[in-house]
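Trainee: Contents of model_10.cif (mmCIF, C-alpha atoms):
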```
data_data
#
loop_
_atom_site.label_atom_id
_atom_site.label_comp_id
_atom_site.auth_asym_id
_atom_site.auth_seq_id
_atom_site.Cartn_x
_atom_site.Cartn_y
_atom_site.Cartn_z
CA MET A 157 -14.56 19.54 -10.58
CA ILE A 158 -13.69 17.37 -7.59
CA ILE A 159 -10.54 15.27 -7.83
CA ALA A 160 -10.50 12.03 -5.90
CA LEU A 161 -7.30 10.25 -5.01
CA PHE A 162 -8.42 6.76 -4.09
CA ASN A 163 -5.94 4.51 -5.86
CA LEU A 164 -3.78 3.57 -2.87
CA PRO A 165 -4.92 1.06 -0.28
CA ILE A 166 -5.66 2.42 3.16
CA THR A 167 -2.97 0.28 4.75
CA CYS A 168 -0.25 2.35 3.12
CA TYR A 169 -1.46 5.55 4.75
CA CYS A 170 -2.07 3.92 8.11
CA PHE A 171 1.36 2.31 8.10
CA CYS A 172 3.11 5.56 7.27
CA SER A 173 1.31 7.59 9.89
CA ILE A 174 1.79 5.05 12.69
CA CYS A 175 5.20 3.49 12.04
CA CYS A 176 7.45 5.68 9.95
CA ASN A 177 8.56 7.96 12.77
CA ARG A 178 9.87 4.91 14.63
CA ILE A 179 12.13 3.91 11.76
CA LEU A 180 14.53 6.80 12.15
CA GLN A 181 14.57 6.45 15.91
CA THR A 182 15.94 2.93 15.58
CA ASN A 183 18.24 3.81 12.68
CA LEU A 184 16.80 1.20 10.31
CA LEU A 185 18.41 2.10 7.01
CA LYS A 186 18.63 -1.04 4.85
CA SER A 187 15.44 -2.11 3.16
CA ASN A 188 14.01 -4.93 1.09
CA VAL A 189 10.64 -4.70 -0.65
CA MET A 190 8.80 -7.54 -2.35
CA GLU A 191 5.37 -7.32 -3.96
CA SER A 192 3.22 -9.93 -5.64
CA HIS A 193 0.27 -9.26 -7.92
CA GLN A 194 -1.58 -11.27 -10.54
CA ALA A 195 0.56 -12.11 -13.57
CA SER A 196 -1.37 -9.65 -15.75
CA LYS A 197 -0.10 -6.65 -13.73
CA LEU A 198 2.80 -5.21 -15.69
CA ASP A 199 3.84 -2.23 -13.57
CA ILE A 200 5.20 -1.72 -10.07
CA SER A 201 2.62 -1.59 -7.29
CA GLY A 202 1.41 1.92 -6.47
CA THR A 203 1.17 0.89 -2.84
CA ALA A 204 4.81 -0.19 -2.77
CA LYS A 205 5.80 3.10 -4.42
CA ALA A 206 3.89 5.09 -1.80
CA VAL A 207 5.38 3.22 1.17
CA ILE A 208 8.89 3.54 -0.30
CA SER A 209 8.28 7.26 -0.81
CA CYS A 210 7.46 7.51 2.90
CA PHE A 211 10.65 5.66 3.79
CA GLN A 212 12.68 7.93 1.49
CA LYS A 213 11.27 11.06 3.15
CA LEU A 214 12.58 9.69 6.42
CA GLY A 215 16.06 9.09 5.05
CA VAL A 216 15.87 5.42 4.03
CA SER A 217 17.77 4.91 0.80
CA PHE A 218 15.78 2.77 -1.62
CA GLU A 219 15.13 2.98 -5.35
CA LEU A 220 12.06 1.66 -7.14
CA ASP A 221 14.14 -0.64 -9.33
CA GLN A 222 15.11 -2.53 -6.17
CA ILE A 223 11.56 -3.77 -5.67
CA GLN A 224 11.31 -7.51 -6.16
CA GLN A 225 8.22 -8.08 -8.29
CA ILE A 226 6.74 -11.56 -8.15
CA ARG A 227 4.46 -12.35 -11.11
CA ASP A 228 5.12 -16.07 -11.59
CA PRO A 229 2.16 -18.06 -10.18
CA LYS A 230 4.35 -20.91 -8.91
CA GLN A 231 6.55 -18.49 -6.94
CA GLN A 232 3.47 -16.64 -5.70
CA VAL A 233 2.10 -19.81 -4.15
CA GLU A 234 5.36 -21.34 -2.89
CA MET A 235 7.43 -18.32 -1.95
CA VAL A 236 4.85 -15.66 -1.07
CA GLY A 237 1.98 -17.82 0.18
CA VAL A 238 -0.76 -16.61 -2.15
CA PRO A 239 -3.74 -19.00 -2.03
CA GLU A 240 -4.19 -20.59 -5.46
CA GLU A 241 -7.79 -19.42 -5.76
CA TYR A 242 -6.54 -15.78 -5.66
CA LEU A 243 -3.73 -15.99 -8.23
CA ASN A 244 -5.84 -13.98 -10.69
CA GLY A 245 -6.55 -11.19 -8.23
CA HIS A 246 -4.31 -10.40 -5.25
CA ALA A 247 -1.91 -7.83 -3.83
CA PHE A 248 0.75 -8.96 -1.36
CA HIS A 249 3.36 -6.48 -0.11
CA MET A 250 6.32 -7.22 2.18
CA TYR A 251 8.69 -4.59 3.58
CA HIS A 252 11.78 -5.44 5.60
CA LEU A 253 13.94 -2.75 7.17
CA THR A 254 17.19 -3.65 8.89
CA SER A 255 19.79 -1.70 10.80
CA PRO A 256 23.20 -1.53 9.12
CA ASP A 257 24.66 -3.98 11.66
CA GLN A 258 21.61 -6.28 11.27
CA THR A 259 20.87 -6.25 15.02
CA VAL A 260 17.45 -4.61 14.58
CA SER A 261 14.82 -5.39 11.99
CA PHE A 262 11.29 -4.31 11.27
CA GLU A 263 8.91 -6.17 8.97
CA PHE A 264 5.57 -5.07 7.65
CA GLN A 265 3.29 -7.10 5.40
CA HIS A 266 -0.18 -6.50 4.05
CA ASN A 267 -2.12 -8.84 1.81
CA VAL A 268 -5.30 -8.55 -0.22
CA CYS A 269 -6.96 -11.68 -1.60
CA GLY A 270 -9.46 -10.95 -4.33
CA ARG A 271 -10.72 -7.68 -5.67
CA SER A 272 -13.98 -7.11 -3.78
CA ILE A 273 -12.34 -4.77 -1.24
CA TYR A 274 -11.39 -2.40 -4.07
CA ALA A 275 -14.96 -2.41 -5.42
CA GLU A 276 -16.36 -1.76 -1.93
CA GLY A 277 -13.89 1.08 -1.39
CA THR A 278 -14.86 2.59 -4.72
CA VAL A 279 -18.54 2.54 -3.73
CA ASP A 280 -17.72 4.15 -0.36
CA ALA A 281 -15.61 6.80 -2.08
CA THR A 282 -18.36 7.52 -4.60
CA ILE A 283 -20.94 7.96 -1.84
CA PHE A 284 -18.51 10.23 0.03
CA LEU A 285 -17.96 12.38 -3.07
CA ALA A 286 -21.68 12.57 -3.81
CA LYS A 287 -22.29 13.89 -0.29
CA LYS A 288 -19.50 16.46 -0.70
CA ILE A 289 -21.00 17.67 -3.97
CA GLN A 290 -24.50 17.83 -2.45
CA SER A 291 -23.28 19.85 0.50
CA GLY A 292 -21.40 22.31 -1.73
CA ALA A 293 -18.03 21.53 -0.13
CA GLU A 294 -15.27 23.93 -1.11
CA GLN A 295 -12.50 21.36 -0.83
CA ARG A 296 -11.81 19.85 -4.26
CA ILE A 297 -9.20 17.13 -3.63
CA TYR A 298 -9.78 14.11 -1.39
CA ASN A 299 -8.11 10.81 -0.59
CA MET A 300 -9.16 7.61 1.17
CA ILE A 301 -8.11 8.99 4.56
CA ASP A 302 -10.78 11.67 4.11
CA VAL A 303 -13.35 8.92 3.52
CA LEU A 304 -12.18 7.10 6.67
CA ARG A 305 -12.24 10.25 8.80
CA GLU A 306 -15.82 10.90 7.73
CA GLY A 307 -16.68 7.54 9.30
CA ASN A 308 -19.23 6.45 6.73
CA MET A 309 -17.61 3.28 5.45
CA ARG A 310 -20.17 0.55 4.93
#
```
Let's see the structure in the file written out as structure tokens.

Mentor:
Amino acid sequence: MIIALFNLPITCYCFCSICCNRILQTNLLKSNVMESHQASKLDISGTAKAVISCFQKLGVSFELDQIQQIRDPKQQVEMVGVPEEYLNGHAFHMYHLTSPDQTVSFEFQHNVCGRSIYAEGTVDATIFLAKKIQSGAEQRIYNMIDVLREGNMR
């Protein structure tokens, strides 16, 4: 059996690998996380959880219950900037890290409008896994970074 771990958007991994080492160097320890998804989403964003986990590994103190979840459509449009046509399918994430004396700040935001990118990524991941099975690969666990490294995204 091959296990595929494809549930987290690529941006989370890219962000962590490129930026997280810089956070400790600049001593950015206070954080604020806000995420907005369609009103039907009841749980905390897996992407936000993964990015926060990365921050925590680097010494940033932040608990999941501190995430500001925006599910109200009016707030999503006015406060977050979600286009109205994507209220039923979007994922906006905003991370703000600040030094204790507030002289240095770092902000990171990634937005997804619609759901087609997830469907396309699922197709790419399925093709990737099919090729691994065909080739008799010994590795049994993969993630989206493995798909990217292979270079066969459509």

Trainee: Between atom CA of A:Asp221 and atom CA of A:Ile200, what distance in Å does the model show, to one decimal?

Mentor: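 Interatomic distance, atom CA of A:Asp221 to atom CA of A:Ile200: 9.0 Å.
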
Trainee: Counting only C-alpha atoms, figure out which residue out of A:Ile289, A:Asp199, A:Met250, A:Ala204 gets nearest to A:Phe262.

Mentor: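 Looking only at the distances to A:Phe262, the closest residue turns out to be A:Met250.
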
Trainee: Applying the PyMOL selection byres ((chain A and resi 310) around 9) to the file I just gave you, which residues come out? Please list them as a list of chain:residue names.

Mentor: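 Selection result, ordered by chain and number: A:Glu276, A:Gly277, A:Asp280, A:Gly307, A:Asn308, A:Met309.
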
Trainee: With all atoms listed in the file as the counted atoms, please give the residues lying no more than 12 Å from A:Phe284, apart from itself and same-chain residues fewer than 2 positions off, as a PDB file with C-alpha atoms, keeping the file's coordinate frame.

Mentor:
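Output below, filename selection04.pdb:
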```
ATOM      1  CA  ILE A 158     -13.690  17.370  -7.590  1.00  0.00           C
ATOM      2  CA  ALA A 160     -10.500  12.030  -5.900  1.00  0.00           C
ATOM      3  CA  PHE A 162      -8.420   6.760  -4.090  1.00  0.00           C
ATOM      4  CA  GLY A 277     -13.890   1.080  -1.390  1.00  0.00           C
ATOM      5  CA  THR A 278     -14.860   2.590  -4.720  1.00  0.00           C
ATOM      6  CA  VAL A 279     -18.540   2.540  -3.730  1.00  0.00           C
ATOM      7  CA  ASP A 280     -17.720   4.150  -0.360  1.00  0.00           C
ATOM      8  CA  ALA A 281     -15.610   6.800  -2.080  1.00  0.00           C
ATOM      9  CA  THR A 282     -18.360   7.520  -4.600  1.00  0.00           C
ATOM     10  CA  ALA A 286     -21.680  12.570  -3.810  1.00  0.00           C
ATOM     11  CA  LYS A 287     -22.290  13.890  -0.290  1.00  0.00           C
ATOM     12  CA  LYS A 288     -19.500  16.460  -0.700  1.00  0.00           C
ATOM     13  CA  ILE A 289     -21.000  17.670  -3.970  1.00  0.00           C
ATOM     14  CA  GLN A 290     -24.500  17.830  -2.450  1.00  0.00           C
ATOM     15  CA  SER A 291     -23.280  19.850   0.500  1.00  0.00           C
ATOM     16  CA  ALA A 293     -18.030  21.530  -0.130  1.00  0.00           C
ATOM     17  CA  TYR A 298      -9.780  14.110  -1.390  1.00  0.00           C
ATOM     18  CA  ASN A 299      -8.110  10.810  -0.590  1.00  0.00           C
ATOM     19  CA  MET A 300      -9.160   7.610   1.170  1.00  0.00           C
ATOM     20  CA  ILE A 301      -8.110   8.990   4.560  1.00  0.00           C
ATOM     21  CA  ASP A 302     -10.780  11.670   4.110  1.00  0.00           C
ATOM     22  CA  VAL A 303     -13.350   8.920   3.520  1.00  0.00           C
ATOM     23  CA  LEU A 304     -12.180   7.100   6.670  1.00  0.00           C
ATOM     24  CA  ARG A 305     -12.240  10.250   8.800  1.00  0.00           C
ATOM     25  CA  GLU A 306     -15.820  10.900   7.730  1.00  0.00           C
ATOM     26  CA  GLY A 307     -16.680   7.540   9.300  1.00  0.00           C
ATOM     27  CA  ASN A 308     -19.230   6.450   6.730  1.00  0.00           C
ATOM     28  CA  MET A 309     -17.610   3.280   5.450  1.00  0.00           C
ATOM     29  CA  ARG A 310     -20.170   0.550   4.930  1.00  0.00           C
TER      30      ARG A 310
END
```

Trainee: Choose the residue, out of A:Asn267, A:Asn244, A:Gln232, A:Ser255, that has the smallest atom-to-atom separation from A:Asn188; count all atoms listed in the file.

Mentor: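 Using all atoms listed in the file, the shortest distance to A:Asn188 belongs to A:Ser255.
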
Trainee: Where does the PyMOL selection byres ((chain A and resi 205) around 12) land in this file, that is, which residues does it pick, as a PyMOL selection string?

Mentor: chain A and resi 163-165+168-169+189-191+199-204+206-212+218-223+249+251

Trainee: Restrict the selected residues to C-alpha atoms and save them as a compact mmCIF listing (two decimals), in the frame of the given file.

Mentor:
```txt
# COMPACT_ATOMS: atom_id res chain seq x y z
CA ASN A 163 -5.94 4.51 -5.86
CA LEU A 164 -3.78 3.57 -2.87
CA PRO A 165 -4.92 1.06 -0.28
CA CYS A 168 -0.25 2.35 3.12
CA TYR A 169 -1.46 5.55 4.75
CA VAL A 189 10.64 -4.70 -0.65
CA MET A 190 8.80 -7.54 -2.35
CA GLU A 191 5.37 -7.32 -3.96
CA ASP A 199 3.84 -2.23 -13.57
CA ILE A 200 5.20 -1.72 -10.07
CA SER A 201 2.62 -1.59 -7.29
CA GLY A 202 1.41 1.92 -6.47
CA THR A 203 1.17 0.89 -2.84
CA ALA A 204 4.81 -0.19 -2.77
CA ALA A 206 3.89 5.09 -1.80
CA VAL A 207 5.38 3.22 1.17
CA ILE A 208 8.89 3.54 -0.30
CA SER A 209 8.28 7.26 -0.81
CA CYS A 210 7.46 7.51 2.90
CA PHE A 211 10.65 5.66 3.79
CA GLN A 212 12.68 7.93 1.49
CA PHE A 218 15.78 2.77 -1.62
CA GLU A 219 15.13 2.98 -5.35
CA LEU A 220 12.06 1.66 -7.14
CA ASP A 221 14.14 -0.64 -9.33
CA GLN A 222 15.11 -2.53 -6.17
CA ILE A 223 11.56 -3.77 -5.67
CA HIS A 249 3.36 -6.48 -0.11
CA TYR A 251 8.69 -4.59 3.58
```
